[in-house]
Amino acid sequence: MAHFDPNARPFSHQWLNERLAIDTLKRVLSTEYWIPKNINFLWAMGMVLAATFGVLLISGIFLLMYYIPDTKLAFDSVNHTIMGEVGYGWLWRHMHGVAASVVFLIIYIHMFTGIYYGSYKRGRELIWLSGMLLFVTFSAEAFSGYMLPWGQMSYWAGMVITNLFSLGSLDFQGLVEWIRGDYVPGQAFLGRFFMLHVVLLPLVIMALIVLHFGTLRIPHVNNQDGEEIDFEAEAAKWKAGKRKESKVIPFNPVFMSKDVFVLGIYFIFYFYLVFYHFEFAMDPVNFDPADPLKTPPHIYPEWYFLWSYEILRPFPKDPGLIAFGFAQVIFFFLPFLDRSPNVAPANRRGIFKYWFWILLVDMIVLTVMGKVPPIGIYTTIGTVAAWVFILLWVALPFITKMEKPIRGQK
Amino acid sequence: MSDRRDFFGKALGAFAGLGALGALYAAKRTWDPLPSVKAAGFTTIDLSQAKENVLYTEMWRGKPIFVIKVPKDAVPSDAPNGRKENAYDDKRLITVGGDKFFIAIGLCTHLGCIPAYYSDQHKFICACHGGQFNAAGEVLKAPPPSPLVIPPFKVEGKKVVLGESSPEYEKMKKAGLVA
């Protein structure tokens, strides 16, 4: 039975401990949550992402106070009121826009770190899956946010992306009109994407972040050698004072102190972009108000969607949609398509090493080709790169099946 | 005891399930296009002043509508796939007051961009993904999978009403010519 000391001073340590078990919470979530020593700065990307999400949330709250989700007023509320009249409104907008772009750079680094070190296997499958759900939700959040300034790119990206839901020759025009609430993107469309962007999707993201952290707690983070660490034994060494011998450190304060250092470097880079190079996150075409009767000469998404857009583009309509759908979901299956028992850096895993680097380079090529107009040699390169992407994933189970077990791993 | 608890559990589940279905239906209906949006669906275009081979863009249900009075020599020069059909003979053209008109929704059937009309070449080129159409809206170059869509129409003298069907439109639809 719970014991409450009648003499405990309100809000004292003992008083809180009896009611909230703060010592236990602190121990389980921070001082005795063990992190391997054998890691590098790439292990700080999770915290960088959490911090960037915080920046997006806070800057978003300030933008929300002046933004008006009305097709006639939205453009001016952003480009006139927030940018010109509201004190430091420009700062929130540039912070929000730059963070929305940079967050995807970090997500991709975070994902490719996981792929390189095999951090999606041997008990860590749910970390990968919850992370992929976060990636998808972040993508939806980015897209819905891109609609809000109601510029030319907002409107036409909205038109093109919602048209995808007609599912090619299935011609589900009714579904497209239902998603839009109109025959074309209009007030109903802007209103519902505003709701998604500022309420529903952020709530889902926050819930998924909790799930993502939860899936990490028991398997712990991976390390640079994919070594299977006996966390209890190593933690006992640390607690016994043998800190040099122990292979682990506590999350807080030891790991966090280094994490915060990486965060510091990251925020220097981030604020450099916010103050001096915000324009890369602000497409010039979107500074024209939405015009339903004038398509911009080139419609392209933000850089972080270009690779999947380029997989859609070189094919005829239906195969293109199938390839696009494939690209959207295939990363989810990574833990199950990789048939090798080895948890090790890619460079020690035979053919997988080449698979990893070809995938990385291929996605960069797709990204570049997605940006240039679909003409001449670009179409050819794009088509080849799209096929390489598909074939890599088809080949993955076979090359990992052939992989020899690395010494000491079952 | 456990029988009673099972029964209550099932009853609760059934009522909650019904409630959830009802809520889902309400949510679906909330996202439907509003009646006012659906009602504002008719546009009348006067074609008596139209000039040959000039693209007129009208608006119907928020979508651009292309109108061209097609000239007799509407052959696309250098069609990329070698097709050189004369658009003037195309069955997709609509006869209004003795003249042949091309009337279609001006959205590329690939992903909904608006193609531009090059009157000297008698063809449309979509800047988004490179699709091309002749002056009757037939596809000359992929990715668009089908011709530009002809909306429901009704010819009234020198005018055309969009959004309202007519025997001519139904005949074209039956022949698979509208899309």
# chains A, B, ... in the order shown; residues from 1 in each chain; ligands from 1

$ residues_around --residues "Phe336 (chain A)" --least-positions-apart "4" --cutoff "9 Å" --atoms "only C-alpha atoms" --output "PyMOL selection string"
chain A and resi 121+125+332+397

$ write_last_selection --atoms "N, CA, C and O atoms" --output "short mmCIF file (atom, residue, chain, number, x, y, z; two decimals), in the first residue's frame"
data_model
loop_
_atom_site.label_atom_id
_atom_site.label_comp_id
_atom_site.auth_asym_id
_atom_site.auth_seq_id
_atom_site.Cartn_x
_atom_site.Cartn_y
_atom_site.Cartn_z
N LYS A 121 17.41 -4.57 -37.25
CA LYS A 121 17.26 -6.01 -37.08
C LYS A 121 17.49 -6.43 -35.64
O LYS A 121 17.93 -5.64 -34.82
N GLU A 125 13.28 -4.13 -35.01
CA GLU A 125 12.37 -3.97 -36.15
C GLU A 125 11.33 -2.89 -35.89
O GLU A 125 11.00 -2.11 -36.78
N PHE A 332 9.48 0.32 -45.63
CA PHE A 332 8.87 -0.33 -44.47
C PHE A 332 9.34 -1.79 -44.35
O PHE A 332 9.45 -2.32 -43.26
N PRO A 397 16.71 -9.35 -50.94
CA PRO A 397 16.61 -10.64 -50.22
C PRO A 397 17.65 -11.65 -50.71
O PRO A 397 18.17 -12.43 -49.91
#

$ residues_around --residues "Leu107 (chain B)" --least-positions-apart "5" --cutoff "9 Å" --atoms "only C-alpha atoms" --output "ChimeraX atom specification"
/B:63-65,112-115,148-149

$ select_by_dssp --residues "chain B" --states "strand (DSSP E or B)" --output "JSON, numbers by chain"
{"B": [43, 44, 45, 46, 52, 55, 56, 57, 58, 59, 60, 63, 64, 65, 66, 67, 68, 69, 94, 95, 96, 99, 100, 101, 102, 103, 104, 105, 116, 117, 118, 123, 124, 125, 132, 133, 134, 139, 140, 141, 153, 154, 155, 156, 159, 160, 161, 162]}

$ write_last_selection --atoms "C-alpha atoms" --output "compact mmCIF listing (two decimals), in the first residue's frame"
# COMPACT_ATOMS: atom_id res chain seq x y z
CA THR B 43 -21.58 27.49 -67.83
CA THR B 44 -22.84 28.92 -71.14
CA ILE B 45 -20.32 29.88 -73.81
CA ASP B 46 -21.20 32.09 -76.80
CA GLU B 52 -10.17 30.27 -86.22
CA LEU B 55 -7.42 29.19 -78.02
CA TYR B 56 -10.15 30.54 -75.75
CA THR B 57 -10.03 29.51 -72.09
CA GLU B 58 -13.32 29.51 -70.20
CA MET B 59 -14.05 28.25 -66.70
CA TRP B 60 -16.44 25.48 -65.71
CA LYS B 63 -11.64 23.93 -64.27
CA PRO B 64 -10.29 25.60 -67.39
CA ILE B 65 -12.19 24.80 -70.60
CA PHE B 66 -10.37 24.96 -73.93
CA VAL B 67 -12.29 26.17 -76.95
CA ILE B 68 -10.80 26.28 -80.45
CA LYS B 69 -12.55 26.88 -83.74
CA ILE B 94 -18.43 19.54 -81.90
CA THR B 95 -20.36 21.22 -84.69
CA VAL B 96 -21.86 24.53 -83.62
CA ASP B 99 -18.34 25.36 -87.70
CA LYS B 100 -16.24 22.69 -86.00
CA PHE B 101 -15.19 23.37 -82.44
CA PHE B 102 -12.85 21.61 -80.08
CA ILE B 103 -14.22 21.93 -76.53
CA ALA B 104 -12.54 20.08 -73.67
CA ILE B 105 -11.39 20.38 -70.09
CA ALA B 116 -0.17 25.27 -73.60
CA TYR B 117 -1.49 25.62 -77.19
CA TYR B 118 1.02 26.22 -79.99
CA LYS B 123 -0.90 21.10 -80.91
CA PHE B 124 -0.88 21.27 -77.11
CA ILE B 125 2.30 20.66 -75.12
CA GLN B 132 1.39 16.39 -76.28
CA PHE B 133 -2.10 16.55 -77.85
CA ASN B 134 -3.31 17.51 -81.33
CA VAL B 139 -2.68 12.18 -77.45
CA LEU B 140 0.43 12.56 -79.61
CA LYS B 141 2.98 11.79 -76.92
CA PHE B 153 -22.47 19.77 -73.33
CA LYS B 154 -25.63 20.93 -75.08
CA VAL B 155 -25.55 23.00 -78.27
CA GLU B 156 -28.14 25.84 -78.37
CA LYS B 159 -24.06 28.77 -77.82
CA VAL B 160 -22.92 25.77 -75.82
CA VAL B 161 -24.06 24.94 -72.29
CA LEU B 162 -21.53 22.96 -70.26

$ residues_around --residues "Glu177 (chain A)" --least-positions-apart "6" --cutoff "10 Å" --atoms "only C-alpha atoms" --output "PyMOL selection string"
(chain A and resi 162-163+165-166+183-185+189) or (chain B and resi 31-33)

$ closest_atom_pairs --of "chain A" --to "chain B" --cutoff "10 Å" --atoms "only C-alpha atoms" --output "tab-separated table"
residue	atom	partner	partner_atom	distance
A:Trp156	CA	B:Cys113	CA	7.6
A:Ala157	CA	B:Cys113	CA	9.7
A:Met159	CA	B:Gly112	CA	6.7
A:Val160	CA	B:Leu111	CA	5.3
A:Ile161	CA	B:Leu111	CA	8.0
A:Thr162	CA	B:Leu111	CA	9.0
A:Asn163	CA	B:Leu111	CA	6.0
A:Leu164	CA	B:Leu111	CA	7.1
A:Ser166	CA	B:Leu111	CA	9.6
A:Gly168	CA	B:His110	CA	8.3
A:Ser169	CA	B:Pro145	CA	8.2
A:Gly174	CA	B:Asp32	CA	9.6
A:Leu175	CA	B:Asp32	CA	9.6
A:Glu177	CA	B:Pro33	CA	7.1
A:Trp178	CA	B:Asp32	CA	5.2
A:Ile179	CA	B:Trp31	CA	7.0
A:Arg180	CA	B:Pro33	CA	7.6
A:Gly181	CA	B:Pro33	CA	4.0
A:Asp182	CA	B:Pro33	CA	5.1
A:Tyr183	CA	B:Arg61	CA	6.4
A:Val184	CA	B:Gly62	CA	6.0
A:Pro185	CA	B:Gly62	CA	8.6
A:Gly186	CA	B:Gly62	CA	8.6
A:Ala188	CA	B:Pro33	CA	7.8
A:Phe189	CA	B:Trp31	CA	9.3
A:Arg192	CA	B:Trp31	CA	8.3
A:Pro292	CA	B:Lys63	CA	7.3
A:Leu293	CA	B:Pro64	CA	5.9
A:Lys294	CA	B:Ile114	CA	6.9
A:Thr295	CA	B:Ile114	CA	5.5
A:Pro296	CA	B:Ala127	CA	8.2
A:Pro297	CA	B:Ala127	CA	5.4
A:His298	CA	B:Cys128	CA	5.2
A:Ile299	CA	B:Cys128	CA	5.8
A:Tyr300	CA	B:Cys128	CA	8.3
A:Arg313	CA	B:His129	CA	7.1
A:Pro314	CA	B:Pro143	CA	8.2
A:Phe315	CA	B:Pro143	CA	7.2
A:Pro316	CA	B:Pro143	CA	4.9
A:Lys317	CA	B:Pro143	CA	6.1
A:Asp318	CA	B:Pro145	CA	8.6
A:Gly320	CA	B:Pro143	CA	9.2
A:Pro373	CA	B:Cys128	CA	7.9
A:Pro374	CA	B:His129	CA	6.1
A:Ile375	CA	B:Gly130	CA	7.6
A:Thr379	CA	B:His129	CA	9.9

$ select_by_dssp --residues "region 20-134 of chain A" --states "helix (DSSP H, G or I)" --output "VMD selection string"
chain A and resid 20 22 to 31 41 to 64 74 to 85 89 to 117 125 to 134

$ atom_distance --atom1 "CA of Phe324 (chain A)" --atom2 "CA of Gly151 (chain A)"
25.6 Å
